[in-house]
Every structure is written in C-alpha cells, then in structure tokens.
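Working notes for the structure below.
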Amino acid sequence: MLDVRHATVAFSAPGGPLVRAVDDVSFTIPAGTFVVVIGTNGSGKSTLLGAIAGTVRLDAGSIHVAGHDLTGWRENRRARYVGRVFQDPRAGTASSLSVLENIAVAACRGRPVGLGWATPQKLRAEAAERLAAIQPGLEKRLDQPIGSMSGGQRQIVSLVMATWHRPELLLLDEHTAALDPASADRVVQATAKLVRDQKLTALMVTHSLKQAAGLGDRLLLVHRGKIALDVEGGAKRRLSPEDLTGRFDRLRRADQLDDPAARTLRDLYA
Ligand SMILES: Nc1ncnc2c1ncn2[C@@H]1O[C@H](COP(=O)(O)OP(=O)(O)OP(=O)(O)O)[C@@H](O)[C@H]1O
Ligand SMILES: [Mg+2]
C-alpha cells in the first residue's frame with residue numbers, strides 16, 4: 001500500500017518563478033492495485049515518482065509504503081520496499097555483465113551476506129523460470145552480456161530484477177518510451193502480466209493514451225502538480241483513448257485562460 005499525504009515539491013530556477021512541480025498531493029493506493037499515471041509534459045509525474053523513490057526531496061508532506069514512513073529515508077534504503085524500472089534500458093543494469101549476473105546482483109541487493117541464493121544452480125533455475133514466464137525464449141540467453149540484447153529484452157530483464165523480491169511498490173516512469181512500438185507493446189504486456197501474477201502495487205507513467213485506457217485498475221491524470229482526475233473500477237474500464245484525448249485537449253485549452261476562468265472550465269469537466 002502507498003499513502004502520499006500533502007506531498008509538495010517546489011523548484012526555483014535562479015531568477016525564475018517558483019514551480020510547484022508537486023502541489024499538495026494526497027492519495028492512497030491499496031495493495032495489489034495497478035495505477036496508470038498520465039499528464040502533459042512538465043505536469044509533475046516524474047517529480048512525484050522521484051519523491052516516492054527518494055531521488056527528489058519533499059518540501060512538505062509524507063510518503064508511507066506498507067506502513068513504513070519513508071519520508072526521511074535515502075533512496076537506497078527505500079529500495080528494499082520500492083522497485084523501479086527506468087526509461088533508459090541501459091539504466092539499472094550493467095552492460096558488461098551477463099543476464100544471469102545482473103539478476104544475481106538484484107537477488108543479493110539489500111540482503112545480508114550469506115542469505116542470498118543457496119547455490120548458483122538454484123539461482124539459474126529460478127531466473128530461467130521467471131524469464132520464460134514473461135517472455136519465452138529469454139531464458140536461453142542467461143549467459144549473454146546484457147549489453148548485447150535489444151532495448152525491449154533489456155527492459156524485460158529489468159522488470160524481472162526490479163520485482164525479484166516482490167517489492168511493496170513498483171515504480172515505472174515511461175519504461176517503454178525509448179522502445180519501438182512493437183517492443184513497447186511486448187514490454188507493456190509483460191508488465192501487466194507480472195503485476196497481475198505477483199499481485200503487485202504499481203504506478204506506471206505513460207504518454208500512451210491507448211495504454212492508459214487499456215491497462216490498470218485506476219488512472220491518475222496529473223496536471224500542474226495536482227491530480228486532476230482519479231478514476232477506478234467501472235469508470236476506469238469504460239474509459240477510451242478518445243475520452244482521454246478529449247480531457248487533455250480541454251486541460252490545454254484551460255491552460256491558455258487566466259486562473260479563475262481555467263478553474264471554472266476544469267470544474268465543469270471534472
Ligand atoms: N531538478 C529540477 N530543477 C528545476 N525544475 C525542475 C526539476 N525537475 C523538474 N522540474 C520542473 O518541474 C516540473 C515538473 O517536471 P516533471 O519532470 O516532474 O514533469 P513530467 O510530468 O514528468 O514531464 P514529462 O512528461 O516531460 O516527463 C517542470 O516544470 C520541470 O521543469
Ligand atoms: Mg517525466
């Protein structure tokens with residue numbers, strides 16, 4: 001479970017205005033919920049995920065994951081509870097190491113020495129099983145350097161690594177954005193399967209309104225550092241990509257007005 005209370009992050013460029021990238025945001029995600037996060041460029045999605053992962057410091061508010069108050073924790077301490085896959089397939093994996101070696105690093109991370117994997121054979125078998133379950137064929141490539149694999153294959157391995165110890169929360173910030181459409185589709189399907197099979201709590205940022213409409217149990221639309229739309233259940237299932245395109249267009253039009261007029265327009269469509 002994720003509980004974000006009054007989270008606020010403000011940035012000020014020298015001489016520039018103060019930007020409230022995350023503006024007093026509160027929401028709770030029950031365990032086992034797959035949440036898709038959308039929003040225009042610069043709306044605050046990555047800052048929000050960074051604040052949860054510990055790469056961005058909160059100016060106010062708190063972050064709880066599975067009952068633990070992570071607010072003052074460093075990124076590496078949070079990693080025990082929070083798994084992540086990055087946009088760049090090269091981030092989070094070591095190119096010169098083999099697929100199995102990368103997985104071994106993930107399997108040992110945060111574990112006391114000696115409590116890792118009893119035998120290399122056991123780790124190999126488990127890694128092969130998990131890879132085969134989400135992309136059959138990948139289990140035959142355990143000994144290849146991960147740097148020799150395609151971006152899509154690398155993201156699948158990254159997913160297996162990030163979820164190896166079944167994190168309390170999985171954060172995905174546009175993890176398919178650097179891939180060609182066919183690979184992006186495969187990685188998204190693999191993500192959905194992994195989240196469903198392991199009953200993970202996940203937050204996935206995407207710019208694909210098709211993915212946003214078709215995936216997940218709940219959808220958050222972030223706009224100017226706030227949550228402008230929060231839908232789940234039947235209302236989420238009925239959302240089409242066209243509905244979301246319409247919402248985006250209205251938000252963009254509202255942005256061109258002065259603040260009171262924009263607020264009226266947003267309330268009208270909320
Ligand atoms: N380190 C930083 N220093 C100053 N301003 C920042 C910093 N990081 C983000 N911002 C600003 O905060 C706002 C939110 O940025 P953020 O990256 O969270 O948006 P986003 O929704 O992830 O956008 P995108 O869809 O382009 O990834 C933007 O105005 C951005 O310029
Ligand atoms: Mg971003």
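Residue numbering restarts at 1 for every chain of the structure tokens, chains are lettered A, B, ... in their displayed order, and ligands are numbered from 1 as they appear.
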
- Message: Neighbouring residues of ligand 2 are defined here as those with any atom at most 10 Å from a ligand atom, counting only C-alpha atoms and all ligand atoms; list them as a count of residues only.
- Response: 19

Which residues, written as a PDB file with N, CA and C atoms, in the first residue's frame, have at least one atom at most 12 Å from Lys140 (chain A), with only C-alpha atoms counted and residues fewer than 4 positions away on the same chain left out?
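Contents of selection.pdb, as written:
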ATOM      1  N   SER A  98      26.573 -10.549 -17.636  1.00  0.00           N
ATOM      2  CA  SER A  98      25.564 -11.365 -18.314  1.00  0.00           C
ATOM      3  C   SER A  98      24.197 -11.123 -17.682  1.00  0.00           C
ATOM      4  N   VAL A  99      23.178 -11.624 -18.353  1.00  0.00           N
ATOM      5  CA  VAL A  99      21.810 -11.507 -17.832  1.00  0.00           C
ATOM      6  C   VAL A  99      21.751 -12.124 -16.432  1.00  0.00           C
ATOM      7  N   LEU A 100      22.334 -13.323 -16.303  1.00  0.00           N
ATOM      8  CA  LEU A 100      22.285 -14.020 -15.004  1.00  0.00           C
ATOM      9  C   LEU A 100      23.031 -13.230 -13.917  1.00  0.00           C
ATOM     10  N   ARG A 124      20.107 -19.902 -11.112  1.00  0.00           N
ATOM     11  CA  ARG A 124      19.967 -20.040 -12.562  1.00  0.00           C
ATOM     12  C   ARG A 124      18.596 -20.600 -12.912  1.00  0.00           C
ATOM     13  N   ALA A 125      18.167 -21.618 -12.188  1.00  0.00           N
ATOM     14  CA  ALA A 125      16.877 -22.255 -12.476  1.00  0.00           C
ATOM     15  C   ALA A 125      15.729 -21.275 -12.235  1.00  0.00           C
ATOM     16  N   ALA A 127      15.907 -17.950 -12.226  1.00  0.00           N
ATOM     17  CA  ALA A 127      15.967 -16.860 -13.210  1.00  0.00           C
ATOM     18  C   ALA A 127      15.366 -17.332 -14.543  1.00  0.00           C
ATOM     19  N   ALA A 128      15.725 -18.564 -14.964  1.00  0.00           N
ATOM     20  CA  ALA A 128      15.209 -19.096 -16.228  1.00  0.00           C
ATOM     21  C   ALA A 128      13.690 -19.210 -16.172  1.00  0.00           C
ATOM     22  N   GLU A 129      13.193 -19.683 -15.044  1.00  0.00           N
ATOM     23  CA  GLU A 129      11.755 -19.864 -14.904  1.00  0.00           C
ATOM     24  C   GLU A 129      11.018 -18.519 -14.995  1.00  0.00           C
ATOM     25  N   ARG A 130      11.558 -17.525 -14.301  1.00  0.00           N
ATOM     26  CA  ARG A 130      10.872 -16.221 -14.281  1.00  0.00           C
ATOM     27  C   ARG A 130      10.919 -15.526 -15.639  1.00  0.00           C
ATOM     28  N   LEU A 131      12.083 -15.646 -16.332  1.00  0.00           N
ATOM     29  CA  LEU A 131      12.173 -15.024 -17.656  1.00  0.00           C
ATOM     30  C   LEU A 131      11.233 -15.713 -18.637  1.00  0.00           C
ATOM     31  N   ALA A 132      11.222 -17.054 -18.593  1.00  0.00           N
ATOM     32  CA  ALA A 132      10.374 -17.819 -19.517  1.00  0.00           C
ATOM     33  C   ALA A 132       8.901 -17.497 -19.294  1.00  0.00           C
ATOM     34  N   GLN A 135       8.650 -13.803 -20.984  1.00  0.00           N
ATOM     35  CA  GLN A 135       8.961 -13.794 -22.424  1.00  0.00           C
ATOM     36  C   GLN A 135       9.690 -15.080 -22.806  1.00  0.00           C
ATOM     37  N   PRO A 136       8.914 -16.087 -23.240  1.00  0.00           N
ATOM     38  CA  PRO A 136       9.527 -17.383 -23.566  1.00  0.00           C
ATOM     39  C   PRO A 136      10.660 -17.206 -24.564  1.00  0.00           C
ATOM     40  N   GLN A 144      24.434 -14.486 -21.896  1.00  0.00           N
ATOM     41  CA  GLN A 144      24.857 -13.418 -22.812  1.00  0.00           C
ATOM     42  C   GLN A 144      25.022 -12.106 -22.056  1.00  0.00           C
TER      43      GLN A 144
END

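Our summary of the geometry notes that CA of Ala192 (chain A) is positioned 24.9 Å from CA of His223 (chain A).
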
- Query: So, counting only C-alpha atoms and all ligand atoms, which residue among A:Ala177, A:Val105, A:Leu2, A:Leu97 is closest to ligand 1?
  - Reply: A:Ala177

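Backbone DSSP over region 121-229 of chain A yields strand (DSSP E) at Leu169, Leu170, Leu171, Leu172, Asp173, Ala202, Leu203, Met204, Val205, Arg218, Leu219, Leu220, Leu221, Val222, His223, Lys226, Ile227, Ala228 and Leu229 of chain A.
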
The selected residues should be written to file as a compact mmCIF listing (two decimals), in the first residue's frame (atoms: N, CA and C atoms).
# COMPACT_ATOMS: atom_id res chain seq x y z
N LEU A 169 6.11 -1.87 -3.65
CA LEU A 169 5.65 -0.89 -4.64
C LEU A 169 6.59 -0.94 -5.84
N LEU A 170 6.02 -0.95 -7.04
CA LEU A 170 6.83 -0.93 -8.26
C LEU A 170 6.56 0.38 -8.99
N LEU A 171 7.64 1.12 -9.30
CA LEU A 171 7.51 2.40 -10.00
C LEU A 171 8.07 2.28 -11.41
N LEU A 172 7.27 2.66 -12.39
CA LEU A 172 7.68 2.58 -13.79
C LEU A 172 7.47 3.95 -14.41
N ASP A 173 8.56 4.66 -14.72
CA ASP A 173 8.41 6.01 -15.29
C ASP A 173 8.72 5.95 -16.78
N ALA A 202 1.49 -1.09 -8.18
CA ALA A 202 2.38 -0.46 -9.16
C ALA A 202 1.86 0.89 -9.62
N LEU A 203 2.80 1.79 -9.89
CA LEU A 203 2.49 3.09 -10.50
C LEU A 203 3.25 3.14 -11.82
N MET A 204 2.53 3.26 -12.93
CA MET A 204 3.18 3.29 -14.24
C MET A 204 2.86 4.59 -14.97
N VAL A 205 3.90 5.38 -15.26
CA VAL A 205 3.71 6.61 -16.03
C VAL A 205 3.81 6.27 -17.51
N ARG A 218 -6.72 1.64 -12.07
CA ARG A 218 -7.02 3.02 -11.69
C ARG A 218 -6.16 3.96 -12.52
N LEU A 219 -6.67 5.15 -12.78
CA LEU A 219 -5.93 6.10 -13.60
C LEU A 219 -5.84 7.45 -12.88
N LEU A 220 -4.63 7.99 -12.82
CA LEU A 220 -4.44 9.33 -12.27
C LEU A 220 -3.97 10.24 -13.41
N LEU A 221 -4.65 11.36 -13.56
CA LEU A 221 -4.21 12.36 -14.53
C LEU A 221 -3.61 13.51 -13.73
N VAL A 222 -2.30 13.75 -13.94
CA VAL A 222 -1.60 14.81 -13.21
C VAL A 222 -1.58 16.06 -14.09
N HIS A 223 -1.89 17.19 -13.46
CA HIS A 223 -1.87 18.43 -14.22
C HIS A 223 -1.41 19.55 -13.31
N LYS A 226 -0.95 18.74 -9.68
CA LYS A 226 -2.08 18.24 -8.90
C LYS A 226 -2.73 17.07 -9.63
N ILE A 227 -3.53 16.29 -8.90
CA ILE A 227 -4.25 15.21 -9.56
C ILE A 227 -5.58 15.77 -10.06
N ALA A 228 -5.69 15.84 -11.39
CA ALA A 228 -6.87 16.48 -11.98
C ALA A 228 -7.97 15.47 -12.23
N LEU A 229 -7.61 14.19 -12.25
CA LEU A 229 -8.61 13.15 -12.49
C LEU A 229 -8.13 11.86 -11.84

With DSSP run on the backbone, what are the alpha helix (DSSP H) residues within region 54-174 of chain A? I'd like them as an mmCIF file with C-alpha atoms, in the first residue's frame.
data_model
loop_
_atom_site.group_PDB
_atom_site.id
_atom_site.type_symbol
_atom_site.label_atom_id
_atom_site.label_comp_id
_atom_site.auth_asym_id
_atom_site.auth_seq_id
_atom_site.Cartn_x
_atom_site.Cartn_y
_atom_site.Cartn_z
ATOM 1 C CA GLU A 75 16.904 6.241 -1.980
ATOM 2 C CA ASN A 76 18.964 3.098 -1.265
ATOM 3 C CA ARG A 77 17.134 2.411 1.998
ATOM 4 C CA ARG A 78 13.778 2.743 0.210
ATOM 5 C CA VAL A 99 21.810 -11.507 -17.832
ATOM 6 C CA LEU A 100 22.285 -14.020 -15.004
ATOM 7 C CA GLU A 101 24.956 -11.890 -13.312
ATOM 8 C CA ASN A 102 22.683 -8.844 -13.441
ATOM 9 C CA ILE A 103 19.879 -10.887 -11.907
ATOM 10 C CA ALA A 104 22.265 -12.199 -9.234
ATOM 11 C CA VAL A 105 23.097 -8.610 -8.259
ATOM 12 C CA ALA A 106 19.371 -7.841 -7.916
ATOM 13 C CA ALA A 107 18.801 -11.047 -5.940
ATOM 14 C CA CYS A 108 21.528 -10.169 -3.418
ATOM 15 C CA PRO A 120 24.294 -20.720 -8.308
ATOM 16 C CA GLN A 121 22.288 -23.607 -9.839
ATOM 17 C CA LYS A 122 19.234 -22.679 -7.845
ATOM 18 C CA LEU A 123 19.506 -19.031 -8.900
ATOM 19 C CA ARG A 124 19.967 -20.040 -12.562
ATOM 20 C CA ALA A 125 16.877 -22.255 -12.476
ATOM 21 C CA GLU A 126 14.769 -19.584 -10.797
ATOM 22 C CA ALA A 127 15.967 -16.860 -13.210
ATOM 23 C CA ALA A 128 15.209 -19.096 -16.228
ATOM 24 C CA GLU A 129 11.755 -19.864 -14.904
ATOM 25 C CA ARG A 130 10.872 -16.221 -14.281
ATOM 26 C CA LEU A 131 12.173 -15.024 -17.656
ATOM 27 C CA ALA A 132 10.374 -17.819 -19.517
ATOM 28 C CA ALA A 133 7.142 -16.933 -17.750
ATOM 29 C CA ILE A 134 7.091 -13.413 -19.138
ATOM 30 C CA GLY A 151 16.172 -2.452 -25.551
ATOM 31 C CA GLY A 152 12.929 -4.382 -25.173
ATOM 32 C CA GLN A 153 14.657 -7.553 -23.943
ATOM 33 C CA ARG A 154 16.689 -5.458 -21.539
ATOM 34 C CA GLN A 155 13.548 -3.876 -20.112
ATOM 35 C CA ILE A 156 12.055 -7.352 -19.558
ATOM 36 C CA VAL A 157 15.197 -8.358 -17.619
ATOM 37 C CA SER A 158 14.989 -5.048 -15.709
ATOM 38 C CA LEU A 159 11.389 -5.892 -14.774
ATOM 39 C CA VAL A 160 12.417 -9.324 -13.508
ATOM 40 C CA MET A 161 15.232 -7.704 -11.487
ATOM 41 C CA ALA A 162 13.024 -4.947 -10.022
#

- Task: For region 196-201 of chain A, please output as a count of residues only all residues within 8 Å (counting only C-alpha atoms; exclusion window: fewer than 2 positions along the same chain).
- Result: 17

- What separation in Å, quoted to one decimal, exists between CA of Asp3 (chain A) and CA of Val65 (chain A)? 6.4 Å

- Just the residues within 12 Å of Asp69 (chain A), please, counting only C-alpha atoms, with nothing from its chain fewer than 2 positions along; format it as a list of chain:residue names.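 The contact residues come out as A:Met1, A:Leu2, A:Asp3, A:Val4, A:Arg5, A:Ile52, A:Gly54, A:Gly61, A:Ser62, A:Ile63, A:His64, A:Val65, A:Ala66, A:Gly67, A:Thr71, A:Gly72, A:Trp73, A:Arg74, A:Arg77, A:Arg78, A:Tyr81.
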
- Item | Å distance separating CA of Val187 (chain A) from atom 25 (O, counted along the ligand's line) of ligand 1, one decimal place | 19.3 Å

- Query: In terms of the shortest atom-to-atom distance over only C-alpha atoms and all ligand atoms, which of A:Gly246, A:Gly147, A:Pro181, A:Gly225 is closest to ligand 1?
  - Reply: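 Among A:Gly246, A:Gly147, A:Pro181, A:Gly225, it is A:Gly225 that comes nearest to ligand 1.
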